[in-house]
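See below for start19.tsv, which holds TSV, C-alpha atoms.
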```
chain	number	residue	atom	x	y	z
V	285	ARG	CA	100.21	118.80	149.67
V	286	PHE	CA	99.47	120.36	146.28
V	287	ARG	CA	101.06	123.67	147.28
V	288	ASP	CA	104.12	121.79	148.57
V	289	ASN	CA	104.50	120.06	145.19
V	290	ILE	CA	104.17	123.36	143.31
V	291	ASN	CA	106.76	124.97	145.58
V	292	ALA	CA	109.14	122.03	145.07
V	293	LEU	CA	108.85	122.43	141.30
V	294	ARG	CA	109.57	126.14	141.64
V	295	GLU	CA	112.74	125.31	143.59
V	296	TYR	CA	113.90	123.38	140.50
V	297	GLY	CA	113.34	126.47	138.36
V	298	TYR	CA	109.91	125.65	136.95
V	299	ARG	CA	107.39	128.44	136.56
V	300	VAL	CA	103.61	128.04	136.75
V	301	ALA	CA	101.12	129.20	134.14
V	302	ILE	CA	97.34	129.18	134.07
V	303	ASP	CA	95.92	128.72	130.61
V	304	ASP	CA	92.58	130.03	129.34
V	305	LEU	CA	91.64	132.31	132.23
V	306	GLY	CA	88.05	133.28	131.60
V	307	ALA	CA	86.92	129.92	130.19
V	308	GLY	CA	86.35	126.40	131.49
V	309	TYR	CA	88.26	125.29	134.57
V	310	ALA	CA	90.63	128.25	134.72
V	311	SER	CA	88.82	130.04	137.51
V	312	LEU	CA	89.88	132.83	139.80
V	313	ASN	CA	90.21	130.19	142.52
V	314	SER	CA	92.93	128.56	140.39
V	315	VAL	CA	94.81	131.85	140.40
V	316	ALA	CA	94.53	132.13	144.18
V	317	LEU	CA	95.57	128.51	144.73
V	318	LEU	CA	98.46	128.32	142.26
V	319	GLU	CA	99.86	131.88	142.52
V	320	PRO	CA	101.05	131.55	138.90
V	321	ASP	CA	103.94	133.26	137.19
V	322	PHE	CA	101.93	133.59	133.96
V	323	ILE	CA	98.25	133.88	133.14
V	324	LYS	CA	97.00	133.35	129.61
V	325	ILE	CA	93.81	135.32	129.08
V	326	ASP	CA	91.41	133.17	127.05
V	327	LYS	CA	90.66	134.23	123.50
V	328	THR	CA	86.94	134.45	124.34
V	329	LEU	CA	87.75	137.55	126.41
V	330	ILE	CA	89.98	138.94	123.66
V	331	ARG	CA	87.75	138.23	120.65
V	332	GLY	CA	85.58	141.30	120.03
V	333	ILE	CA	87.48	143.47	122.51
V	334	GLU	CA	87.60	146.28	119.96
V	335	SER	CA	83.81	146.67	120.17
V	336	SER	CA	83.19	145.74	123.83
V	337	ALA	CA	83.93	148.14	126.66
V	338	THR	CA	83.05	145.34	129.10
V	339	LYS	CA	85.76	143.06	127.69
V	340	ARG	CA	88.30	145.90	127.71
V	341	ASN	CA	87.47	146.63	131.36
V	342	LEU	CA	87.72	142.93	132.33
V	343	VAL	CA	91.10	142.54	130.63
V	344	ARG	CA	92.30	145.83	132.16
V	345	SER	CA	91.31	144.53	135.63
V	346	ILE	CA	93.14	141.24	135.04
V	347	VAL	CA	96.25	143.14	133.91
V	348	GLU	CA	96.12	145.42	136.96
V	349	PHE	CA	95.83	142.39	139.22
V	350	GLY	CA	98.71	140.69	137.40
V	351	ASN	CA	100.90	143.75	137.79
V	352	GLN	CA	100.16	143.94	141.52
V	353	GLU	CA	101.02	140.24	141.93
V	354	GLU	CA	104.00	140.32	139.52
V	355	ILE	CA	102.28	137.91	137.12
V	356	GLN	CA	103.01	138.12	133.38
V	357	LEU	CA	99.80	138.36	131.30
V	358	ILE	CA	99.50	136.69	127.90
V	359	ALA	CA	96.62	137.65	125.61
V	360	GLU	CA	95.51	134.74	123.39
V	361	GLY	CA	93.64	135.07	120.13
V	362	ILE	CA	95.34	138.09	118.61
V	363	GLU	CA	93.89	138.00	115.10
V	364	ASN	CA	94.54	141.52	113.80
V	365	GLU	CA	96.54	144.69	114.37
V	366	GLU	CA	93.68	146.54	116.08
V	367	VAL	CA	93.27	143.87	118.76
V	368	ALA	CA	97.05	143.71	119.21
V	369	ARG	CA	97.16	147.47	119.75
V	370	ILE	CA	94.25	147.44	122.22
V	371	VAL	CA	95.62	144.69	124.45
V	372	THR	CA	99.11	146.21	124.29
V	373	ASP	CA	97.69	149.61	125.29
V	374	ILE	CA	95.80	147.94	128.16
V	375	GLY	CA	99.12	146.51	129.33
V	376	CYS	CA	99.24	142.83	128.39
V	377	HIS	CA	102.87	141.75	128.54
V	378	LEU	CA	102.81	139.07	125.86
V	379	LEU	CA	100.61	138.35	122.84
V	380	GLN	CA	99.74	135.12	121.05
V	381	GLY	CA	97.71	134.57	117.90
V	382	PHE	CA	97.56	134.06	114.16
V	383	HIS	CA	98.17	137.77	113.52
V	384	LEU	CA	101.65	137.32	114.99
V	385	GLY	CA	102.46	133.94	113.47
V	386	ARG	CA	101.03	130.56	112.61
V	387	PRO	CA	101.99	127.46	114.61
V	388	VAL	CA	104.93	125.55	113.15
V	389	PRO	CA	106.22	122.04	113.78
V	390	ILE	CA	109.02	121.72	116.31
V	391	GLY	CA	112.25	122.30	114.43
V	392	GLY	CA	110.26	122.75	111.25
V	393	VAL	CA	109.33	125.52	108.91
V	394	GLY	CA	105.84	126.97	108.67
V	395	GLU	CA	103.81	127.35	105.51
V	396	ASN	CA	105.28	130.82	104.86
V	397	GLY	CA	108.85	129.77	105.58
V	398	GLU	CA	108.92	131.14	109.14
V	399	ARG	CA	110.64	129.28	111.95
```
Could you spell out this file's structure in structure tokens?
Amino acid sequence: RFRDNINALREYGYRVAIDDLGAGYASLNSVALLEPDFIKIDKTLIRGIESSATKRNLVRSIVEFGNQEEIQLIAEGIENEEVARIVTDIGCHLLQGFHLGRPVPIGGVGENGER
């Protein structure tokens, strides 16, 4: 029934995302069950990636899987230029984090005047 509901939402143009892959409830089983359009890689896998070959290899494997399944990968927790470069080089499609911009209120202006 769950899959039927997800498919019905997709027919209306909705897309499915899994948040925080690599932490909490966002398990690989969720990926298999939901067949998402987007996967957000949790910041715990991104933080320290510049000094951890294991994290780089894990993220690289997730990106390869995403590419094979036509899933867009979003790297969370981009806090500096080095991390942004590493995850971009690995192949993450989208980046999110304070290095790129601070959260702003809907329709509002952030502390540095950005929208």
Taking all atoms of stretch 315-334 of chain V that the file lists and extending 8 Å past them on each side, where is the centre of the axis-aligned box and how long are its edges? Answer in Å to one decimal, as AutoDock Vina command-line options.
```
--center_x 94.8 --center_y 137.3 --center_z 132.3 --size_x 34.4 --size_y 34.0 --size_z 40.8
```
Problem - Nearest-residue call for V:Leu357, choices V:Ile323, V:Val388, V:Val343, V:Leu318, using all atoms listed in the file - result: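 Residue with the minimum atom-to-atom distance to V:Leu357: V:Ile323.
Pairwise distance (atom CA of V:Asn313, atom CA of V:Gln380) equals 24.0 Å.
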Handout entry: Shortest interatomic distance to V:Ile362 - which of V:Ile333, V:Arg294, V:Lys324, V:Phe382, counting all atoms listed in the file
Key =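 Selected residue with least distance to V:Ile362: V:Phe382.
Distances from V:Asn351, V:Ala301, V:Glu334, V:Ala316 to V:Arg369 were compared using only C-alpha atoms, and the smallest one belongs to V:Glu334.
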Practice task
Kindly give the distance, in Å, that separates atom CA of V:Ile290 and atom CA of V:Asp304, rounded to a single decimal.
Solution key: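 These atoms are spaced 19.3 Å apart.
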Selection near V:Ile330, 9 Å with only C-alpha atoms, sequence-local residues under 6 positions removed, as a PDB file with C-alpha atoms, keeping the file's coordinate frame:
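Okay, this is what ended up in result_9.pdb:
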```pdb
ATOM      1  CA  LYS V 339      85.760 143.060 127.690  1.00  0.00           C
ATOM      2  CA  ARG V 340      88.300 145.900 127.710  1.00  0.00           C
ATOM      3  CA  VAL V 343      91.100 142.540 130.630  1.00  0.00           C
ATOM      4  CA  ALA V 359      96.620 137.650 125.610  1.00  0.00           C
ATOM      5  CA  GLU V 360      95.510 134.740 123.390  1.00  0.00           C
ATOM      6  CA  GLY V 361      93.640 135.070 120.130  1.00  0.00           C
ATOM      7  CA  ILE V 362      95.340 138.090 118.610  1.00  0.00           C
ATOM      8  CA  VAL V 367      93.270 143.870 118.760  1.00  0.00           C
ATOM      9  CA  VAL V 371      95.620 144.690 124.450  1.00  0.00           C
TER      10      VAL V 371
END
```
Problem - Shell of 12 Å around V:Arg287, only C-alpha atoms, local chain residues under 4 positions omitted, as number ranges by chain - result: V: 291-294, 300, 314, 316-320
Practice task
Go through V:Pro389, V:Gly350, V:Gly332, V:Gly375 one by one, measure the shortest atom-to-atom distance of each to V:Glu363 using all atoms listed in the file, and give the residue with the smallest value.
Solution key: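 The answer is V:Gly332, which sits nearest to V:Glu363.
Across the model, the gap from atom CA of V:Ile302 to atom CA of V:Phe322 is 6.4 Å.
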Handout entry: Shortest interatomic distance to V:Val347 - which of V:Asp303, V:Glu295, V:Asp373, V:Asp288, counting all atoms listed in the file
Key =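 Among V:Asp303, V:Glu295, V:Asp373, V:Asp288, it is V:Asp373 that comes nearest to V:Val347.
With only C-alpha atoms as the atoms that count, the minimum distance from V:Leu312 to the choices V:Glu366, V:Arg386, V:Ile346, V:Ser335 is reached by V:Ile346.
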Practice task
Within 9 Å of V:Gly306, counting all atoms listed in the file, which residues show up once you throw out same-chain ones fewer than 4 positions away? Write them as a PyMOL selection string, please.
Solution key: chain V and resi 310-312+325-329
